[in-house]
$ cat data35.cif   # mmCIF, C-alpha atoms
data_upload
loop_
_atom_site.label_atom_id
_atom_site.label_comp_id
_atom_site.auth_asym_id
_atom_site.auth_seq_id
_atom_site.Cartn_x
_atom_site.Cartn_y
_atom_site.Cartn_z
CA MET A 34 53.79 26.37 -80.17
CA LEU A 35 53.95 22.57 -80.44
CA TRP A 36 50.37 22.17 -79.20
CA TYR A 37 49.10 24.77 -81.65
CA LYS A 38 50.98 23.13 -84.52
CA SER A 39 49.51 19.73 -83.66
CA TRP A 40 46.05 21.26 -83.46
CA LEU A 41 46.44 22.86 -86.89
CA GLU A 42 47.50 19.51 -88.34
CA THR A 43 44.49 17.61 -87.02
CA ARG A 44 41.74 20.19 -86.52
CA TRP A 45 39.67 19.45 -89.63
CA ARG A 46 39.71 15.70 -89.04
CA PHE A 47 38.60 16.33 -85.46
CA LEU A 48 35.91 18.90 -86.27
CA ILE A 49 34.42 16.79 -89.07
CA GLY A 50 34.36 13.77 -86.78
CA LEU A 51 32.75 15.75 -83.96
CA ALA A 52 30.03 17.15 -86.22
CA LEU A 53 29.29 13.73 -87.72
CA LEU A 54 29.14 11.97 -84.35
CA MET A 55 26.92 14.62 -82.79
CA CYS A 56 24.49 14.51 -85.71
CA THR A 57 24.43 10.70 -85.54
CA ALA A 58 23.81 10.72 -81.78
CA ALA A 59 20.88 13.11 -82.23
CA ALA A 60 19.49 10.98 -85.06
CA VAL A 61 19.65 7.84 -82.89
CA VAL A 62 17.64 9.55 -80.13
CA PHE A 63 14.98 10.99 -82.45
CA ALA A 64 14.59 7.66 -84.28
CA TYR A 65 13.49 5.89 -81.11
CA PRO A 66 9.70 6.51 -81.46
CA ARG A 67 9.75 4.95 -84.94
CA VAL A 68 11.79 1.98 -83.73
CA VAL A 69 9.26 1.33 -80.94
CA LYS A 70 6.52 0.99 -83.56
CA LEU A 71 8.54 -1.63 -85.45
CA LEU A 72 9.54 -3.74 -82.44
CA PRO A 73 6.37 -5.89 -82.36
CA MET A 74 7.10 -7.13 -85.89
CA ALA A 75 10.72 -7.90 -85.04
CA LEU A 76 9.65 -9.89 -81.98
CA THR A 77 7.74 -12.27 -84.25
CA ALA A 78 10.86 -13.21 -86.23
CA ASP A 79 11.42 -16.95 -86.84
CA VAL A 80 14.16 -18.01 -84.41
CA SER A 81 14.84 -21.26 -86.27
CA SER A 82 17.39 -19.44 -88.45
CA GLU A 83 20.49 -17.57 -87.27
CA LEU A 84 19.26 -14.32 -88.85
CA GLY A 85 15.88 -14.64 -87.18
CA ARG A 86 17.51 -15.36 -83.84
CA ARG A 87 19.69 -12.25 -84.11
CA ILE A 88 16.73 -10.07 -85.08
CA ARG A 89 14.70 -11.38 -82.17
CA GLU A 90 17.57 -10.88 -79.73
CA ALA A 91 18.15 -7.30 -80.94
CA ALA A 92 14.45 -6.52 -80.63
CA GLU A 93 14.35 -7.84 -77.08
CA ILE A 94 17.33 -5.70 -76.08
CA GLN A 95 15.76 -2.61 -77.64
CA GLY A 96 12.56 -3.20 -75.72
CA THR A 97 13.91 -0.69 -73.18
CA TYR A 98 15.24 2.76 -74.01
CA ARG A 99 18.54 2.01 -72.26
CA GLY A 100 18.92 -1.17 -74.32
CA TYR A 101 18.08 0.70 -77.52
CA LEU A 102 20.79 3.33 -76.91
CA TRP A 103 23.33 0.74 -75.89
CA GLN A 104 22.83 -1.32 -79.03
CA GLN A 105 22.29 1.42 -81.58
CA TRP A 106 24.76 4.00 -80.28
CA PHE A 107 27.44 2.40 -78.13
CA GLY A 108 27.35 -1.01 -79.83
CA GLN A 109 27.21 0.23 -83.41
CA ASN A 110 27.39 3.89 -84.40
CA LEU A 111 29.86 5.19 -81.80
CA ALA A 112 32.06 2.09 -81.95
CA ASN A 113 32.28 2.14 -85.75
CA LEU A 114 32.67 5.89 -86.28
CA LEU A 115 35.11 6.38 -83.42
CA SER A 116 37.25 3.52 -84.75
CA ILE A 117 37.47 5.23 -88.13
CA PHE A 118 38.33 8.65 -86.72
CA ALA A 119 40.83 7.12 -84.28
CA VAL A 120 42.73 5.82 -87.31
CA VAL A 121 42.36 9.11 -89.19
CA LEU A 122 43.67 11.13 -86.23
CA GLY A 123 46.64 8.79 -85.84
CA THR A 124 48.00 9.39 -89.34
CA GLY A 125 50.60 12.01 -90.21
CA GLY A 126 53.42 13.21 -88.01
CA LEU A 127 57.11 13.92 -88.48
CA LEU A 128 57.87 11.18 -90.98
CA SER A 129 55.02 12.22 -93.25
CA GLN A 130 56.13 15.85 -93.02
CA ALA A 131 59.73 14.87 -93.78
CA SER A 132 58.68 13.06 -96.98
CA LYS A 133 57.15 16.34 -98.17
CA GLY A 134 60.06 18.48 -96.99
CA GLY A 135 58.05 20.05 -94.20
CA ALA A 136 59.80 18.63 -91.14
CA LEU A 137 62.82 20.95 -91.12
CA PHE A 138 61.03 23.66 -89.15
CA SER A 139 59.83 21.17 -86.54
CA LEU A 140 63.25 19.55 -86.16
CA SER A 141 64.92 22.96 -85.82
CA MET A 142 62.86 23.82 -82.75
CA PRO A 143 64.69 23.65 -79.37
CA VAL A 144 62.73 20.62 -78.17
CA SER A 145 63.45 16.91 -78.24
CA ARG A 146 61.88 14.53 -80.74
CA ASN A 147 60.24 12.67 -77.89
CA ARG A 148 58.52 15.87 -76.74
CA MET A 149 57.32 16.62 -80.27
CA LEU A 150 55.97 13.12 -80.61
CA GLY A 151 54.43 13.22 -77.15
CA VAL A 152 52.58 16.45 -77.88
CA ARG A 153 51.30 15.06 -81.17
CA ALA A 154 50.09 11.87 -79.48
CA ALA A 155 48.50 13.78 -76.58
CA THR A 156 46.69 16.09 -79.01
CA GLY A 157 45.28 13.17 -80.97
CA LEU A 158 44.22 11.29 -77.85
CA GLY A 159 42.66 14.44 -76.41
CA GLU A 160 40.63 14.92 -79.58
CA LEU A 161 39.65 11.26 -79.51
CA LEU A 162 38.50 11.69 -75.91
CA VAL A 163 36.23 14.56 -76.93
CA LEU A 164 34.84 12.51 -79.82
CA ALA A 165 34.04 9.64 -77.46
CA PHE A 166 32.37 11.66 -74.70
CA VAL A 167 30.77 14.86 -76.06
CA PRO A 168 28.37 13.24 -78.59
CA SER A 169 27.36 10.64 -75.97
CA LEU A 170 26.44 13.40 -73.53
CA LEU A 171 23.79 14.49 -76.03
CA LEU A 172 21.86 11.32 -75.18
CA PRO A 173 20.75 12.37 -71.67
CA LEU A 174 20.23 15.94 -72.90
CA LEU A 175 17.99 15.03 -75.84
CA SER A 176 16.17 12.03 -74.38
CA PRO A 177 13.42 14.12 -72.70
CA LEU A 178 12.44 15.34 -76.18
CA VAL A 179 11.25 11.80 -76.99
CA GLY A 180 9.71 11.27 -73.56
CA GLN A 181 12.60 9.23 -72.16
CA SER A 182 15.53 9.64 -69.79
CA TYR A 183 19.06 8.29 -69.82
CA ALA A 184 21.61 8.34 -67.00
CA ILE A 185 24.70 10.48 -67.49
CA GLY A 186 26.70 7.89 -65.56
CA ASP A 187 25.86 5.19 -68.11
CA ALA A 188 26.89 7.49 -70.95
CA LEU A 189 30.25 8.20 -69.27
CA VAL A 190 31.00 4.53 -68.53
CA HIS A 191 30.24 3.31 -72.05
CA SER A 192 32.08 6.24 -73.65
CA GLY A 193 35.15 5.59 -71.51
CA SER A 194 35.25 1.95 -72.55
CA THR A 195 34.89 2.89 -76.22
CA PHE A 196 37.63 5.52 -75.90
CA ILE A 197 40.14 3.06 -74.41
CA GLN A 198 39.62 0.56 -77.21
CA GLY A 199 39.64 3.33 -79.82
CA ALA A 200 42.98 4.51 -78.40
CA VAL A 201 44.44 1.12 -79.38
CA LEU A 202 43.58 1.81 -83.03
CA PHE A 203 44.95 5.35 -82.74
CA SER A 204 48.21 4.07 -81.25
CA ALA A 205 48.58 1.37 -83.92
CA THR A 206 48.18 3.98 -86.67
CA PHE A 207 50.51 6.36 -84.83
CA LEU A 208 53.16 3.62 -84.62
CA LEU A 209 52.88 2.74 -88.31
CA SER A 210 53.14 6.44 -89.18
CA THR A 211 56.70 6.29 -87.81
CA VAL A 212 57.45 3.36 -90.14
CA PHE A 213 55.85 4.51 -93.42
CA SER A 214 56.37 7.99 -94.83
CA ASP A 215 52.96 8.28 -96.48
CA VAL A 216 49.56 8.78 -94.87
CA TRP A 217 47.64 6.04 -96.67
CA ARG A 218 49.53 2.87 -95.77
CA PRO A 219 49.15 3.21 -91.97
CA LEU A 220 45.48 4.10 -92.41
CA LEU A 221 44.69 1.19 -94.73
CA ILE A 222 46.72 -1.37 -92.76
CA VAL A 223 44.98 -0.56 -89.47
CA LEU A 224 41.50 -0.35 -91.01
CA CYS A 225 41.96 -3.68 -92.79
CA GLY A 226 43.42 -5.22 -89.64
CA ALA A 227 40.47 -3.93 -87.60
CA ALA A 228 38.05 -5.40 -90.14
CA VAL A 229 39.75 -8.81 -89.92
CA VAL A 230 39.73 -8.69 -86.12
CA ALA A 231 36.05 -7.70 -86.15
CA PHE A 232 35.21 -10.62 -88.44
CA CYS A 233 37.14 -13.14 -86.35
CA ASP A 234 35.65 -11.61 -83.24
CA GLN A 235 32.12 -12.20 -84.47
CA VAL A 236 32.81 -15.70 -85.80
CA PHE A 237 35.02 -17.15 -83.06
CA PHE A 238 34.77 -14.96 -79.94
CA GLY A 239 31.32 -13.36 -80.13
CA ALA A 240 30.13 -15.22 -77.04
CA SER A 241 33.27 -14.55 -75.00
CA GLN A 242 33.42 -11.85 -72.34
CA TYR A 243 36.80 -10.90 -73.84
CA SER A 244 35.33 -10.24 -77.27
CA LEU A 245 36.70 -6.97 -78.68
CA PHE A 246 33.30 -5.45 -79.32
CA ARG A 247 31.87 -6.60 -76.01
CA ILE A 248 34.71 -4.78 -74.26
CA MET A 249 34.40 -1.72 -76.49
CA SER A 250 30.69 -1.32 -75.76
CA ALA A 251 31.04 -2.39 -72.09
CA GLU A 252 28.39 -5.06 -72.58
CA SER A 253 29.14 -6.67 -69.23
CA TYR A 254 28.34 -3.36 -67.51
CA PHE A 255 25.12 -3.02 -69.49
CA ARG A 256 24.04 -6.50 -68.42
CA GLY A 257 24.83 -5.79 -64.77
CA GLY A 258 28.11 -7.70 -64.53
CA GLY A 259 30.46 -4.76 -63.96
CA LEU A 260 33.14 -3.28 -66.17
CA PRO A 261 35.49 -5.52 -68.22
CA TRP A 262 38.52 -4.42 -66.23
CA LEU A 263 40.97 -6.94 -67.69
CA GLY A 264 40.05 -6.02 -71.25
CA LEU A 265 40.31 -2.30 -70.51
CA LEU A 266 43.66 -2.72 -68.77
CA ALA A 267 44.95 -4.72 -71.72
CA GLY A 268 43.87 -1.90 -74.05
CA VAL A 269 45.74 0.70 -71.99
CA LEU A 270 48.92 -1.41 -71.87
CA VAL A 271 48.84 -2.18 -75.60
CA SER A 272 48.35 1.50 -76.46
CA ALA A 273 51.21 2.54 -74.17
CA ALA A 274 53.53 -0.08 -75.70
CA MET A 275 52.78 1.08 -79.25
CA LEU A 276 53.28 4.75 -78.38
CA TYR A 277 56.60 3.84 -76.77
CA GLY A 278 57.55 1.98 -79.96
CA ALA A 279 56.67 5.06 -82.03
CA ALA A 280 58.92 7.22 -79.84
CA ALA A 281 61.77 4.72 -80.21
CA ASN A 282 61.38 4.71 -84.01
CA ILE A 283 61.53 8.50 -84.26
CA SER A 284 64.46 8.80 -81.83
CA ARG A 285 66.75 6.63 -83.94
CA ARG A 286 65.61 7.80 -87.38
CA ASP A 287 67.98 9.96 -89.43
CA PHE A 288 66.12 12.86 -91.04
#

$ encode --input "data35.cif" --output "structure tokens"
Amino acid sequence: MLWYKSWLETRWRFLIGLALLMCTAAAVVFAYPRVVKLLPMALTADVSSELGRRIREAAEIQGTYRGYLWQQWFGQNLANLLSIFAVVLGTGGLLSQASKGGALFSLSMPVSRNRMLGVRAATGLGELLVLAFVPSLLLPLLSPLVGQSYAIGDALVHSGSTFIQGAVLFSATFLLSTVFSDVWRPLLIVLCGAAVVAFCDQVFFGASQYSLFRIMSAESYFRGGGLPWLGLLAGVLVSAAMLYGAAANISRRDF
């Protein structure tokens, strides 16, 4: 009953996200032949300016199909869209229901608050897992249609890294949803916070192996240096701490 209730609460957010991500993944694959035609022009960019240097660097990475998918899908589209839907899936919950008078049925069920919260968190993380992996598995399936191939193992590794970092955003929103009774404040706070972190990340830590987006896209793995284990472990621990904080907030709240 609890699992079904959590699914009903989040199903449209999940299904819309899945459809959007799958369409975007397909579009990235089918755009490759056109990108290949434009690469020679990008390789002639003037590297004396920062913009020209970035264009040239991006063109060099996309000179291979694997590099193209890593930059366009795992480094941009999947990272950005999954971050947004991680926040969207993390909103709601008991406190939001209570503010609308809809939490009485849930609280009257013969289960603990921690179990209710745990099921809600597990449902959201399960949906986030599907959003991270299923669209990415389209890449090896559709690549032969453009005369290319892509390893399933690479898709799984990059998707797993993106999921772990996306879970941090989900957990932050989930925690704030036990502090604020409306849906919008947790969503806006986490999205604005993520935007600030992304900006600082690009300005101050873009060259660091511990850069947020380098960990999220598993850049070190793409470049042959192995997975960013410390960054991934930190993401798991931070997510667990915030989910524990959410459980503590709900346990002591008087409805």

$ resolve_selection --input "data35.cif" --expression "the PyMOL selection byres ((chain A and resi 118) around 12)" --output "ChimeraX atom specification"
/A:43,45-54,111-117,119-124,157-158,160-165,196,199-200,202-203,206,220,223-224

$ write_last_selection --input "data35.cif" --atoms "C-alpha atoms" --output "PDB file, in the frame of the given file"
ATOM      1  CA  THR A  43      44.490  17.610 -87.020  1.00  0.00           C
ATOM      2  CA  TRP A  45      39.670  19.450 -89.630  1.00  0.00           C
ATOM      3  CA  ARG A  46      39.710  15.700 -89.040  1.00  0.00           C
ATOM      4  CA  PHE A  47      38.600  16.330 -85.460  1.00  0.00           C
ATOM      5  CA  LEU A  48      35.910  18.900 -86.270  1.00  0.00           C
ATOM      6  CA  ILE A  49      34.420  16.790 -89.070  1.00  0.00           C
ATOM      7  CA  GLY A  50      34.360  13.770 -86.780  1.00  0.00           C
ATOM      8  CA  LEU A  51      32.750  15.750 -83.960  1.00  0.00           C
ATOM      9  CA  ALA A  52      30.030  17.150 -86.220  1.00  0.00           C
ATOM     10  CA  LEU A  53      29.290  13.730 -87.720  1.00  0.00           C
ATOM     11  CA  LEU A  54      29.140  11.970 -84.350  1.00  0.00           C
ATOM     12  CA  LEU A 111      29.860   5.190 -81.800  1.00  0.00           C
ATOM     13  CA  ALA A 112      32.060   2.090 -81.950  1.00  0.00           C
ATOM     14  CA  ASN A 113      32.280   2.140 -85.750  1.00  0.00           C
ATOM     15  CA  LEU A 114      32.670   5.890 -86.280  1.00  0.00           C
ATOM     16  CA  LEU A 115      35.110   6.380 -83.420  1.00  0.00           C
ATOM     17  CA  SER A 116      37.250   3.520 -84.750  1.00  0.00           C
ATOM     18  CA  ILE A 117      37.470   5.230 -88.130  1.00  0.00           C
ATOM     19  CA  ALA A 119      40.830   7.120 -84.280  1.00  0.00           C
ATOM     20  CA  VAL A 120      42.730   5.820 -87.310  1.00  0.00           C
ATOM     21  CA  VAL A 121      42.360   9.110 -89.190  1.00  0.00           C
ATOM     22  CA  LEU A 122      43.670  11.130 -86.230  1.00  0.00           C
ATOM     23  CA  GLY A 123      46.640   8.790 -85.840  1.00  0.00           C
ATOM     24  CA  THR A 124      48.000   9.390 -89.340  1.00  0.00           C
ATOM     25  CA  GLY A 157      45.280  13.170 -80.970  1.00  0.00           C
ATOM     26  CA  LEU A 158      44.220  11.290 -77.850  1.00  0.00           C
ATOM     27  CA  GLU A 160      40.630  14.920 -79.580  1.00  0.00           C
ATOM     28  CA  LEU A 161      39.650  11.260 -79.510  1.00  0.00           C
ATOM     29  CA  LEU A 162      38.500  11.690 -75.910  1.00  0.00           C
ATOM     30  CA  VAL A 163      36.230  14.560 -76.930  1.00  0.00           C
ATOM     31  CA  LEU A 164      34.840  12.510 -79.820  1.00  0.00           C
ATOM     32  CA  ALA A 165      34.040   9.640 -77.460  1.00  0.00           C
ATOM     33  CA  PHE A 196      37.630   5.520 -75.900  1.00  0.00           C
ATOM     34  CA  GLY A 199      39.640   3.330 -79.820  1.00  0.00           C
ATOM     35  CA  ALA A 200      42.980   4.510 -78.400  1.00  0.00           C
ATOM     36  CA  LEU A 202      43.580   1.810 -83.030  1.00  0.00           C
ATOM     37  CA  PHE A 203      44.950   5.350 -82.740  1.00  0.00           C
ATOM     38  CA  THR A 206      48.180   3.980 -86.670  1.00  0.00           C
ATOM     39  CA  LEU A 220      45.480   4.100 -92.410  1.00  0.00           C
ATOM     40  CA  VAL A 223      44.980  -0.560 -89.470  1.00  0.00           C
ATOM     41  CA  LEU A 224      41.500  -0.350 -91.010  1.00  0.00           C
TER      42      LEU A 224
END

$ residues_around --input "data35.cif" --residues "A:Arg99" --least-positions-apart "4" --cutoff "10 Å" --atoms "only C-alpha atoms" --output "tab-separated table (two decimals) with C-alpha atoms, in the frame of the given file"
chain	number	residue	atom	x	y	z
A	94	ILE	CA	17.33	-5.70	-76.08
A	95	GLN	CA	15.76	-2.61	-77.64
A	103	TRP	CA	23.33	0.74	-75.89
A	104	GLN	CA	22.83	-1.32	-79.03
A	181	GLN	CA	12.60	9.23	-72.16
A	182	SER	CA	15.53	9.64	-69.79
A	183	TYR	CA	19.06	8.29	-69.82
A	184	ALA	CA	21.61	8.34	-67.00
A	187	ASP	CA	25.86	5.19	-68.11
A	255	PHE	CA	25.12	-3.02	-69.49

$ atom_distance --input "data35.cif" --atom1 "atom CA of A:Ala281" --atom2 "atom CA of A:Gly268"
20.1 Å

$ resolve_selection --input "data35.cif" --expression "the PyMOL selection byres ((chain A and resi 246) around 8)" --output "short mmCIF file (atom, residue, chain, number, x, y, z; two decimals) with C-alpha atoms, keeping the file's coordinate frame"
data_model
loop_
_atom_site.label_atom_id
_atom_site.label_comp_id
_atom_site.auth_asym_id
_atom_site.auth_seq_id
_atom_site.Cartn_x
_atom_site.Cartn_y
_atom_site.Cartn_z
CA GLY A 108 27.35 -1.01 -79.83
CA ALA A 231 36.05 -7.70 -86.15
CA ASP A 234 35.65 -11.61 -83.24
CA SER A 244 35.33 -10.24 -77.27
CA LEU A 245 36.70 -6.97 -78.68
CA ARG A 247 31.87 -6.60 -76.01
CA ILE A 248 34.71 -4.78 -74.26
CA MET A 249 34.40 -1.72 -76.49
CA SER A 250 30.69 -1.32 -75.76
#

$ residues_around --input "data35.cif" --residues "A:Ala279" --least-positions-apart "2" --cutoff "8 Å" --atoms "all atoms listed in the file" --output "PyMOL selection string"
chain A and resi 207-209+211+275-277+281-283

$ closest_residue --input "data35.cif" --among "A:Leu170, A:Ile197, A:Gly257, A:Arg218" --to "A:Ile185" --atoms "all atoms listed in the file"
A:Leu170

$ atom_distance --input "data35.cif" --atom1 "atom CA of A:Phe107" --atom2 "atom CA of A:Leu41"
29.3 Å

$ closest_residue --input "data35.cif" --among "A:Ser204, A:Leu265, A:Val62, A:Leu270" --to "A:Gly151" --atoms "all atoms listed in the file"
A:Ser204

$ atom_distance --input "data35.cif" --atom1 "atom CA of A:Gly100" --atom2 "atom CA of A:Leu178"
17.8 Å
